[in-house]
Every structure is written in structure tokens, then in C-alpha cells.
$ cat target_36.txt   # compact mmCIF, C-alpha atoms
# COMPACT_ATOMS: atom_id res chain seq x y z
CA MET O 1 -23.34 34.44 -14.76
CA GLU O 2 -24.03 37.27 -17.20
CA GLN O 3 -21.26 38.32 -19.55
CA HIS O 4 -20.48 42.03 -20.06
CA GLY O 5 -17.40 42.14 -22.27
CA ASN O 6 -14.59 40.61 -20.23
CA VAL O 7 -16.41 41.12 -16.92
CA GLY O 8 -18.63 38.46 -15.44
CA ARG O 9 -21.40 39.28 -12.99
CA VAL O 10 -21.13 36.55 -10.39
CA GLN O 11 -24.29 35.10 -8.90
CA SER O 12 -22.78 33.58 -5.72
CA GLU O 13 -19.86 34.13 -3.39
CA ASP O 14 -18.49 30.65 -4.11
CA LEU O 15 -18.46 31.36 -7.81
CA LYS O 16 -16.86 34.73 -7.20
CA TYR O 17 -14.07 33.07 -5.23
CA VAL O 18 -13.37 30.58 -8.05
CA VAL O 19 -13.43 33.29 -10.73
CA ASP O 20 -11.17 35.61 -8.74
CA THR O 21 -8.70 32.80 -7.98
CA VAL O 22 -8.38 31.64 -11.57
CA SER O 23 -8.50 35.10 -13.16
CA SER O 24 -5.70 36.37 -10.94
CA ARG O 25 -3.34 33.76 -12.43
CA LEU O 26 -4.72 33.00 -15.89
CA ASN O 27 -5.33 35.39 -18.80
CA THR O 28 -8.70 34.39 -20.27
CA TYR O 29 -10.80 35.61 -23.16
CA ASP O 30 -14.11 34.08 -22.03
CA ILE O 31 -15.69 32.65 -18.88
CA GLN O 32 -18.73 30.37 -19.00
CA ALA O 33 -20.59 29.05 -15.98
CA ASN O 34 -23.16 26.27 -15.68
CA PRO O 35 -24.71 24.54 -12.66
CA VAL O 36 -21.82 22.06 -12.29
CA SER O 37 -18.69 23.85 -13.51
CA VAL O 38 -16.98 27.02 -14.67
CA ARG O 39 -14.86 27.13 -17.81
CA PHE O 40 -12.09 29.63 -18.40
CA TYR O 41 -11.06 29.84 -22.06
CA TYR O 42 -7.53 30.96 -22.82
CA PHE O 43 -4.83 31.22 -25.47
CA ASN O 44 -1.47 29.60 -24.80
CA SER O 45 0.24 32.66 -26.24
CA ASP O 46 -1.33 34.83 -23.51
CA ASN O 47 -0.06 32.50 -20.76
CA PRO O 48 3.65 31.74 -21.13
CA GLN O 49 3.70 30.33 -17.58
CA LEU O 50 0.50 28.34 -18.05
CA PHE O 51 1.51 25.17 -16.24
CA GLU O 52 3.01 27.00 -13.27
CA ALA O 53 -0.16 29.12 -13.05
CA PHE O 54 -2.33 26.00 -13.16
CA ASP O 55 -0.35 24.43 -10.32
CA ASP O 56 -0.89 27.53 -8.18
CA ILE O 57 -4.61 27.40 -8.96
CA ARG O 58 -4.74 23.70 -8.13
CA ILE O 59 -3.00 24.15 -4.78
CA GLU O 60 -5.40 26.98 -3.92
CA LEU O 61 -8.70 25.42 -5.01
CA ILE O 62 -8.48 21.73 -4.12
CA PRO O 63 -8.39 22.24 -0.32
CA LYS O 64 -11.50 24.43 -0.73
CA GLY O 65 -13.45 21.64 -2.40
CA TYR O 66 -12.91 22.39 -6.09
CA ILE O 67 -11.16 20.37 -8.81
CA PRO O 68 -9.54 22.27 -11.71
CA PHE O 69 -8.31 20.53 -14.84
CA LEU O 70 -6.96 21.54 -18.23
CA SER O 71 -8.39 20.55 -21.60
CA GLN O 72 -6.60 21.21 -24.87
CA ASN O 73 -8.72 19.03 -27.15
CA GLY O 74 -9.97 21.66 -29.55
CA GLU O 75 -10.49 24.90 -27.63
CA HIS O 76 -8.19 25.38 -24.67
CA PHE O 77 -9.90 25.86 -21.36
CA LEU O 78 -9.46 25.35 -17.64
CA GLU O 79 -12.56 23.86 -16.05
CA VAL O 80 -13.38 23.95 -12.34
CA THR O 81 -15.90 21.54 -10.84
CA ARG O 82 -17.13 21.03 -7.32
CA ARG O 83 -15.54 18.14 -5.52
CA VAL O 84 -17.81 15.30 -4.40
CA LYS O 85 -17.72 15.20 -0.63
CA THR O 86 -16.01 12.03 0.55
CA LYS O 87 -15.70 10.75 4.08
CA PHE O 88 -12.32 9.12 4.64
CA SER O 89 -11.68 6.48 7.26
CA GLY O 90 -9.95 7.51 10.44
CA VAL O 91 -6.42 6.54 11.35
CA TYR O 92 -7.80 3.84 13.67
CA VAL O 93 -8.47 1.71 10.57
CA ASN O 94 -4.78 1.92 9.61
CA VAL O 95 -3.76 0.95 13.15
CA ILE O 96 -6.16 -2.02 13.30
CA MET O 97 -5.01 -3.35 9.93
CA LEU O 98 -1.36 -2.85 10.95
CA ILE O 99 -1.89 -4.86 14.14
CA LEU O 100 -3.77 -7.64 12.31
CA THR O 101 -1.03 -7.84 9.68
CA LEU O 102 1.66 -7.98 12.35
CA ILE O 103 -0.18 -10.87 13.99
CA SER O 104 -0.68 -12.55 10.62
CA THR O 105 2.96 -12.26 9.53
CA ILE O 106 4.31 -13.29 12.95
CA TYR O 107 2.12 -16.39 12.88
CA VAL O 108 3.13 -17.36 9.34
CA GLY O 109 6.78 -16.59 10.07
CA SER O 110 6.66 -18.79 13.15
CA THR O 111 5.50 -21.77 11.07
CA TYR O 112 8.61 -21.45 8.88
CA ALA O 113 10.80 -20.83 11.94
CA THR O 114 9.81 -24.12 13.62
CA TYR O 115 12.11 -25.99 11.24
CA PHE O 116 15.09 -24.05 12.64
CA ILE O 117 14.32 -24.54 16.34
CA GLN O 118 15.58 -27.57 18.20
CA PRO O 119 13.00 -29.75 19.96
CA GLY O 120 12.54 -28.88 23.61
CA SER O 121 13.03 -25.12 23.10
CA SER O 122 10.55 -22.62 24.48
CA GLU O 123 7.23 -22.61 22.65
CA TYR O 124 7.52 -18.84 22.34
CA LEU O 125 10.83 -19.03 20.51
CA SER O 126 9.14 -19.75 17.17
CA LEU O 127 6.98 -16.63 17.61
CA PHE O 128 10.09 -14.59 18.41
CA TYR O 129 11.84 -15.93 15.32
CA GLY O 130 8.70 -15.29 13.31
CA PHE O 131 8.75 -11.65 14.35
CA ILE O 132 12.50 -10.97 14.09
CA PHE O 133 13.27 -12.96 10.95
CA PHE O 134 10.02 -12.69 9.00
CA SER O 135 7.46 -10.15 10.13
CA LEU O 136 9.89 -7.32 10.91
CA PRO O 137 11.87 -7.32 7.63
CA LEU O 138 8.78 -7.91 5.50
CA MET O 139 6.72 -5.19 7.19
CA LEU O 140 9.72 -2.85 7.02
CA ILE O 141 10.06 -3.29 3.25
CA LEU O 142 6.33 -2.92 2.61
CA GLY O 143 5.98 -0.02 5.02
CA ILE O 144 8.87 1.95 3.55
CA HIS O 145 7.54 1.23 0.06
CA GLU O 146 4.25 2.92 0.94
CA THR O 147 6.04 5.68 2.87
CA GLY O 148 7.89 6.50 -0.35
CA HIS O 149 4.57 7.09 -2.12
CA TYR O 150 3.34 9.14 0.84
CA ILE O 151 6.40 11.40 1.04
CA VAL O 152 6.52 12.17 -2.68
CA ALA O 153 2.75 12.72 -2.83
CA LYS O 154 3.06 15.28 -0.02
CA ARG O 155 5.94 16.92 -1.88
CA HIS O 156 3.58 17.49 -4.80
CA LYS O 157 0.87 18.84 -2.45
CA VAL O 158 -1.27 15.74 -2.93
CA ARG O 159 -2.99 14.48 0.20
CA ALA O 160 -2.51 10.78 0.91
CA SER O 161 -3.57 8.34 3.59
CA LEU O 162 -1.27 6.45 5.88
CA PRO O 163 -0.49 2.88 4.71
CA PHE O 164 -3.21 0.25 4.88
CA PHE O 165 -1.68 -3.19 5.48
CA ILE O 166 -3.63 -6.27 4.37
CA PRO O 167 -3.42 -9.38 6.59
CA PHE O 168 -3.44 -12.83 4.99
CA PRO O 169 -2.61 -15.57 7.54
CA VAL O 170 -1.23 -18.17 5.10
CA THR O 171 1.82 -18.55 2.83
CA ILE O 172 3.35 -15.05 3.15
CA GLY O 173 1.19 -13.51 5.89
CA THR O 174 0.03 -10.46 3.95
CA PHE O 175 -1.36 -9.28 0.65
CA GLY O 176 0.87 -6.21 0.90
CA ALA O 177 -0.08 -2.63 1.64
CA PHE O 178 -1.37 0.45 -0.12
CA ILE O 179 -2.00 4.13 0.40
CA SER O 180 -4.99 6.08 -0.84
CA LEU O 181 -4.38 9.31 -2.76
CA ARG O 182 -7.06 11.69 -1.54
CA ASP O 183 -6.40 14.32 -4.18
CA PRO O 184 -6.14 13.87 -7.96
CA VAL O 185 -2.63 13.61 -9.40
CA PRO O 186 -1.75 17.13 -10.63
CA ASN O 187 0.47 16.43 -13.65
CA LYS O 188 2.50 13.79 -15.48
CA ARG O 189 5.69 14.62 -13.60
CA ALA O 190 3.99 13.95 -10.27
CA MET O 191 2.44 10.77 -11.69
CA VAL O 192 5.87 9.38 -12.57
CA GLU O 193 7.52 10.41 -9.31
CA ILE O 194 4.74 9.19 -7.03
CA GLY O 195 4.50 5.92 -8.96
CA VAL O 196 8.21 5.07 -8.90
CA ALA O 197 8.84 6.31 -5.33
CA GLY O 198 7.30 3.29 -3.60
CA PRO O 199 9.20 0.57 -5.51
CA LEU O 200 12.42 2.59 -5.27
CA PHE O 201 12.14 3.09 -1.49
CA GLY O 202 11.19 -0.57 -0.99
CA PHE O 203 13.97 -1.84 -3.25
CA LEU O 204 16.62 0.23 -1.47
CA THR O 205 15.34 -1.11 1.86
CA ALA O 206 15.39 -4.73 0.70
CA LEU O 207 18.82 -4.51 -0.93
CA PRO O 208 20.97 -4.60 2.25
CA LEU O 209 18.57 -7.13 3.80
CA LEU O 210 19.38 -9.51 0.94
CA PHE O 211 22.93 -9.87 2.29
CA VAL O 212 21.75 -10.26 5.90
CA ALA O 213 19.22 -12.93 4.93
CA SER O 214 21.75 -14.81 2.81
CA TYR O 215 24.28 -14.80 5.65
CA LEU O 216 21.77 -15.93 8.30
CA SER O 217 20.51 -18.74 6.07
CA HIS O 218 23.95 -20.32 6.38
CA VAL O 219 24.18 -19.67 10.13
CA PHE O 220 20.85 -21.18 11.20
CA VAL O 221 20.80 -24.89 10.46
CA PRO O 222 17.41 -26.64 10.15
CA ILE O 223 16.56 -29.54 12.41
CA ALA O 224 17.18 -33.06 11.17
CA ASN O 225 14.71 -34.45 8.64
CA ALA O 226 13.00 -31.08 8.23
CA PRO O 227 10.90 -31.10 5.05
CA THR O 228 11.38 -28.64 2.19
CA THR O 229 8.21 -26.54 2.44
CA ILE O 230 8.42 -24.33 -0.65
CA SER O 231 10.86 -23.79 -3.48
CA LEU O 232 11.66 -20.22 -4.51
CA ASN O 233 12.94 -19.06 -7.87
CA PHE O 234 15.23 -16.13 -7.26
CA PRO O 235 15.33 -13.17 -9.64
CA ILE O 236 18.48 -12.13 -11.47
CA ILE O 237 19.61 -9.68 -8.78
CA TYR O 238 20.58 -12.63 -6.55
CA SER O 239 22.91 -13.98 -9.23
CA LEU O 240 24.41 -10.58 -9.96
CA LEU O 241 25.20 -10.09 -6.27
CA HIS O 242 26.46 -13.69 -5.93
CA LEU O 243 23.98 -14.41 -3.14
CA THR O 244 23.18 -18.00 -2.35
CA THR O 245 20.89 -19.84 0.01
CA PRO O 246 21.12 -23.51 1.04
CA ALA O 247 19.24 -25.78 -1.37
CA ASN O 248 17.04 -28.80 -0.62
CA GLN O 249 16.10 -27.64 2.85
CA PRO O 250 13.45 -25.40 4.42
CA VAL O 251 13.62 -21.74 3.44
CA PHE O 252 14.93 -19.57 6.25
CA PRO O 253 12.16 -17.10 7.24
CA MET O 254 14.18 -13.96 6.49
CA VAL O 255 15.14 -15.27 3.06
CA LEU O 256 11.44 -15.65 2.29
CA ALA O 257 10.58 -12.23 3.75
CA VAL O 258 13.13 -10.37 1.62
CA TRP O 259 12.24 -12.45 -1.42
CA VAL O 260 8.60 -11.38 -0.98
CA GLY O 261 9.77 -7.77 -0.78
CA MET O 262 11.62 -8.13 -4.08
CA PHE O 263 8.69 -9.93 -5.68
CA ALA O 264 6.37 -7.12 -4.55
CA THR O 265 8.71 -4.62 -6.23
CA ALA O 266 8.48 -6.48 -9.55
CA MET O 267 4.72 -6.97 -9.31
CA ASN O 268 4.07 -3.30 -8.54
CA LEU O 269 6.31 -2.18 -11.41
CA LEU O 270 4.30 -4.07 -14.02
CA PRO O 271 3.27 -1.25 -16.40
CA VAL O 272 -0.46 -1.92 -16.35
CA GLY O 273 -3.56 -0.23 -14.96
CA GLN O 274 -3.40 1.28 -11.51
CA LEU O 275 -0.19 -0.48 -10.45
CA ASP O 276 2.84 1.68 -9.72
CA GLY O 277 4.31 0.81 -13.11
CA GLY O 278 1.02 1.87 -14.70
CA HIS O 279 1.38 5.32 -13.09
CA VAL O 280 4.94 5.62 -14.40
CA VAL O 281 4.06 4.59 -17.96
CA ARG O 282 0.99 6.87 -18.06
CA GLY O 283 3.10 9.78 -16.89
CA LEU O 284 5.85 9.11 -19.43
CA PHE O 285 3.76 8.26 -22.49
CA GLY O 286 0.43 9.96 -21.86
CA LYS O 287 -2.51 8.49 -23.77
CA LYS O 288 -0.18 6.16 -25.68
CA ALA O 289 0.35 4.25 -22.42
CA SER O 290 -2.85 2.32 -23.17
CA ILE O 291 -0.89 0.40 -25.83
CA VAL O 292 1.59 -0.73 -23.17
CA ASP O 293 -1.31 -1.68 -20.88
CA TYR O 294 -2.83 -4.04 -23.42
CA ILE O 295 0.52 -5.57 -24.33
CA PHE O 296 1.40 -6.37 -20.72
CA VAL O 297 -2.04 -7.69 -19.81
CA ALA O 298 -1.68 -10.07 -22.75
CA PHE O 299 1.79 -10.91 -21.43
CA LEU O 300 0.33 -11.72 -17.99
CA PHE O 301 -2.25 -14.06 -19.52
CA ILE O 302 0.50 -15.83 -21.50
CA ILE O 303 2.86 -16.37 -18.56
CA GLY O 304 -0.14 -17.45 -16.48
CA TYR O 305 0.28 -20.84 -18.18
CA TYR O 306 3.53 -21.19 -16.22
CA TYR O 307 2.33 -19.61 -12.95
CA THR O 308 -1.42 -19.21 -12.44
CA GLY O 309 -0.96 -16.29 -10.05
CA TRP O 310 -0.39 -14.06 -13.09
CA TRP O 311 -3.90 -14.86 -14.33
CA LEU O 312 -5.32 -13.64 -11.02
CA LEU O 313 -3.31 -10.43 -11.27
CA ALA O 314 -4.40 -9.86 -14.87
CA ILE O 315 -8.06 -10.32 -13.96
CA PHE O 316 -7.63 -7.97 -10.99
CA VAL O 317 -6.05 -5.31 -13.21
CA VAL O 318 -8.85 -5.57 -15.77
CA ILE O 319 -11.55 -5.33 -13.10
CA MET O 320 -9.89 -2.31 -11.47
CA GLY O 321 -9.63 -0.58 -14.83
CA LEU O 322 -7.07 -1.01 -17.54
CA THR O 323 -7.20 2.59 -18.74
CA HIS O 324 -5.30 4.90 -16.41
CA PRO O 325 -7.06 8.22 -15.70
CA PRO O 326 -5.20 11.34 -16.83
CA ALA O 327 -3.64 13.93 -14.56
CA LEU O 328 -5.41 17.24 -13.97
CA ASP O 329 -2.76 18.80 -16.19
CA ASP O 330 -2.08 16.16 -18.81
CA TYR O 331 -0.17 18.49 -21.11
CA SER O 332 2.85 19.91 -19.30
CA PRO O 333 6.04 18.22 -20.52
CA ILE O 334 8.02 15.77 -18.45
CA LYS O 335 11.66 16.49 -17.71
CA GLY O 336 14.92 14.58 -17.69
CA ARG O 337 14.44 13.59 -14.06
CA GLN O 338 11.19 11.77 -14.80
CA ILE O 339 12.77 9.98 -17.76
CA ALA O 340 15.68 8.91 -15.52
CA LEU O 341 13.24 7.65 -12.89
CA GLY O 342 11.39 5.69 -15.57
CA ILE O 343 14.66 4.03 -16.61
CA ILE O 344 15.45 3.24 -12.96
CA GLY O 345 12.01 1.66 -12.63
CA LEU O 346 12.64 -0.48 -15.72
CA VAL O 347 16.00 -1.64 -14.32
CA MET O 348 14.43 -2.52 -10.95
CA PHE O 349 11.72 -4.50 -12.74
CA ALA O 350 14.29 -6.44 -14.77
CA LEU O 351 16.32 -7.22 -11.63
CA THR O 352 13.39 -8.44 -9.53
CA PHE O 353 10.99 -10.11 -11.98
CA THR O 354 10.74 -13.86 -12.49
CA ILE O 355 8.09 -15.66 -14.54
CA ILE O 356 7.76 -18.61 -12.14
CA PRO O 357 8.37 -17.08 -8.71
CA ILE O 358 7.49 -20.03 -6.51
CA ARG O 359 6.98 -23.76 -6.84
$ encode --input "target_36.txt" --output "C-alpha cells"
Amino acid sequence: MEQHGNVGRVQSEDLKYVVDTVSSRLNTYDIQANPVSVRFYYFNSDNPQLFEAFDDIRIELIPKGYIPFLSQNGEHFLEVTRRVKTKFSGVYVNVIMLILTLISTIYVGSTYATYFIQPGSSEYLSLFYGFIFFSLPLMLILGIHETGHYIVAKRHKVRASLPFFIPFPVTIGTFGAFISLRDPVPNKRAMVEIGVAGPLFGFLTALPLLFVASYLSHVFVPIANAPTTISLNFPIIYSLLHLTTPANQPVFPMVLAVWVGMFATAMNLLPVGQLDGGHVVRGLFGKKASIVDYIFVAFLFIIGYYYTGWWLLAIFVVIMGLTHPPALDDYSPIKGRQIALGIIGLVMFALTFTIIPIR
């Protein structure tokens, strides 16, 4: 690109499209192009609606294969780069993993259900119980959790995949689920809202199921001499709601399913790395969130002496990356709604977290 005053002579149609799109919304004093990006330099005083303009630019350019982002470290500029072409998996992968996780959770649920089925009953009854009392509530909580992320991501014009469920045919039947954000997070407000949406949707789904599971655990009586398979430590929300489950007997499958849903809420809300809580903290505190990351990773290593699963999570977080990447617009201020959502996330974490979840 050759510069002639404030007019740039564009060397390609693609570059012309980018320049026209940005220049129509942003008042710039210089434009510089290189083989990999275009920078648009601006003054804040010339752009009173800067962040709204950037969002319009982002919504226009990203579907066309370009990534814009703001930088205000020193000179202020908006930079546009070409997006690396990525081939995403088809929906058939989601369907296959969903089916495998259904099979996995039904099987695991049926093993817990056998202690509540009288000898001589149909051999398929344990599978039915495993589906109704374990697989269905657990998959519902996890599925709605991920749907929450999906809905709020779409609201912010961020493309997202359908949920990927992860089968694990022992203990709890699944390693959970996740969605893949296929566009960068646009700003800190979106980061907070997308991050907290999943735990909030999942928590609100699990909440009424707590009462159903507690009631059914007193209705279904285990068979004589049934062994106690696992011992759960219940988070504080059970005490606050005065919910009880029979002690010194096998855990009723639905009690375990809802407990897993609550445990998943707490685990995802840990404010570290790429977990949901990490998104929320990065959106609320910006670069200072790295301090919280290091504090809570240290916390995970400490409580790992009481429950070794926390060590595995801490190692996973470190491997995946402790430093959370910034939003495309990492400068627009958050609002009262995001602060309120952050407080709600903190309350949900306090209600559902327990240092030693299972014995």
C-alpha cells in the first residue's frame, strides 16, 4: 500500500475490502499494511463510540476470514490479520460421542442400580434404572450446562460447536462435556457472560433435581446386605436446603448423578486457566487475573494432599495454559451486569465446592 496523505492506494481487492470496512466505522490518522496484517492507527478522542464501532467491524470481518483486535499499549491501533483456515469436525462426531456417553453412563448407572433391585427381577431392569435414575439426570445437567455456553456465545455473535460429551465407563460414566468456541471472544463482557452461563444453567437444572433425588433415595430401599460402594461428601448447599440421604448404604443412582452435576459446577468455576471460572476472572480483572490463576493453582496443589484428584486437575490446567488469552477488545469496560454475574458465580462455587468430594 502506498500512502498519499490520508488516502491509501490498495494493491488487492481483499485489502480494499478490509480498509473500506474499517475506515467506514473508525476515524484513523494512518494506515499501514504488511504481508500479514493491516494496522489502523487512531485517537480515542476521534472515536467516542470506539468499542461499538469495533464490535461492528468484528461482526463484519470475522465471517469473511479476518480477525481484528485492538491494541492500546503505546500507540492505539486496530490490527486486522488473516484467519488461519481451520477444518472443524462435522456434527456426526458430536452424535457419536453423545451415543457413546449415553451407553457409558447407562452402564455405570446400572451397576449402582443393582443394589436397589430385588433378586429375580428382569435383567433389563438395572439398565432401565441406570438410564432413568443416573444417565438421564446427569446428561441433562451436563447438556444444559454446555447449552448455556452455546446460547450466550451465539448472543454475542461468536460461533460455537454443539456439545462434545466424553464417555468414561467407570465410576461416574463420563468426563463431562465441552463446546468449542470457533471464533475469538470479542470483549471482556462476553468473556464473563459466556464463562458463567454454563455453570449457571447447569446449577439451575440440578437444583430441583436435588429434591427429587433426595426424596427417591428414601423411597427405594437397597437389597439386604448390599455393600456401601462409595461415600460422598456433600457440599454446603445440601445442608442449607436440609436435604438428606440415607447413610451407611449404597448411594442411590440419582443422588450420585445430581451430586456429580454439582461437583462439575464447582470444578468448572475454579478461577484458573481455561476453566469457566478462568474466563470469568479474566473478563472481570483483565491482566491482573494471572495473580488469581497462580493463587488457585497453588491452592489446588495444597488440597491435593487431601484428595489427589486436585493434583490431576492442577497439572491439566498448567498443561493447557495458565495464562488466559485476552479478548479481541480487551479495553472496553465491564458493566454492572457482568459484576453481578461474577458474584453469582462466586456464590455458586461456595455452595457446590468441597475439598474432599468422595471417599
$ atom_distance --input "target_36.txt" --atom1 "atom CA of Leu269 of chain O" --atom2 "atom CA of Ala197 of chain O"
10.7 Å
$ closest_residue --input "target_36.txt" --among "O:Phe40, O:Trp311, O:Phe178, O:Phe252" --to "Ile230 of chain O" --atoms "all atoms listed in the file"
O:Phe252
$ residues_around --input "target_36.txt" --residues "segment 160-162 of chain O" --least-positions-apart "6" --cutoff "7 Å" --atoms "all atoms listed in the file" --output "list in words"
Asn94, Tyr150, Ala153, Ile179, Ser180, Leu181 and Arg182 of chain O
$ residues_near_point --input "target_36.txt" --point "(-9.7, 37.7, -10.0)" --cutoff "12 Å" --atoms "only C-alpha atoms" --output "list in words"
Asn6, Val7, Gly8, Val10, Leu15, Lys16, Tyr17, Val18, Val19, Asp20, Thr21, Val22, Ser23, Ser24, Arg25, Leu26, Asn27, Thr28, Ile31, Phe40 and Ile57 of chain O
$ residues_near_point --input "target_36.txt" --point "(6.9, -12.5, 10.8)" --cutoff "10 Å" --atoms "all atoms listed in the file" --output "PyMOL selection string"
chain O and resi 101-113+126-139+172-174+253-254+257
$ residues_around --input "target_36.txt" --residues "segment 318-322 of chain O" --least-positions-apart "2" --cutoff "12 Å" --atoms "only C-alpha atoms" --output "list in words"
Pro271, Val272, Gly273, Gln274, Leu275, Gly278, His279, Arg282, Ala289, Ser290, Ile291, Val292, Asp293, Tyr294, Ile295, Phe296, Val297, Ala298, Leu300, Phe301, Trp311, Leu312, Leu313, Ala314, Ile315, Phe316, His324 and Pro325 of chain O
$ closest_residue --input "target_36.txt" --among "O:Ile343, O:Ile166, O:Val281, O:Ala226" --to "Gly195 of chain O" --atoms "only C-alpha atoms"
O:Val281
$ closest_residue --input "target_36.txt" --among "O:Pro333, O:Tyr115, O:Leu243, O:Thr205" --to "Thr228 of chain O" --atoms "all atoms listed in the file"
O:Tyr115
$ residues_around --input "target_36.txt" --residues "Tyr42 of chain O" --least-positions-apart "2" --cutoff "6 Å" --atoms "all atoms listed in the file" --output "list in words"
Thr28, Tyr29, His76 and Phe77 of chain O
$ residues_around --input "target_36.txt" --residues "Leu284 of chain O" --least-positions-apart "3" --cutoff "12 Å" --atoms "only C-alpha atoms" --output "MDAnalysis selection string"
chainID O and resid 187:193 195:196 271 277:281 287:290 292 326:327 330:343 345
$ atom_distance --input "target_36.txt" --atom1 "atom CA of Phe168 of chain O" --atom2 "atom CA of Met97 of chain O"
10.8 Å
$ atom_distance --input "target_36.txt" --atom1 "atom CA of Val91 of chain O" --atom2 "atom CA of Leu140 of chain O"
19.2 Å
$ residues_around --input "target_36.txt" --residues "Lys64 of chain O" --least-positions-apart "6" --cutoff "10 Å" --atoms "all atoms listed in the file" --output "list in words"
Asp14, Val18, Arg82 and Arg83 of chain O
$ closest_residue --input "target_36.txt" --among "O:Leu210, O:Pro199, O:Leu100, O:Ile117" --to "Gly143 of chain O" --atoms "only C-alpha atoms"
O:Pro199
$ closest_residue --input "target_36.txt" --among "O:Ile141, O:Leu207, O:Leu256, O:Val185" --to "Phe69 of chain O" --atoms "all atoms listed in the file"
O:Val185
$ axis_aligned_box --input "target_36.txt" --around "segment 130-146 of chain O" --padding-each-side "4 Å" --output "JSON"
{"center_x": 8.8, "center_y": -6.2, "center_z": 7.2, "size_x": 17.0, "size_y": 26.2, "size_z": 22.3}
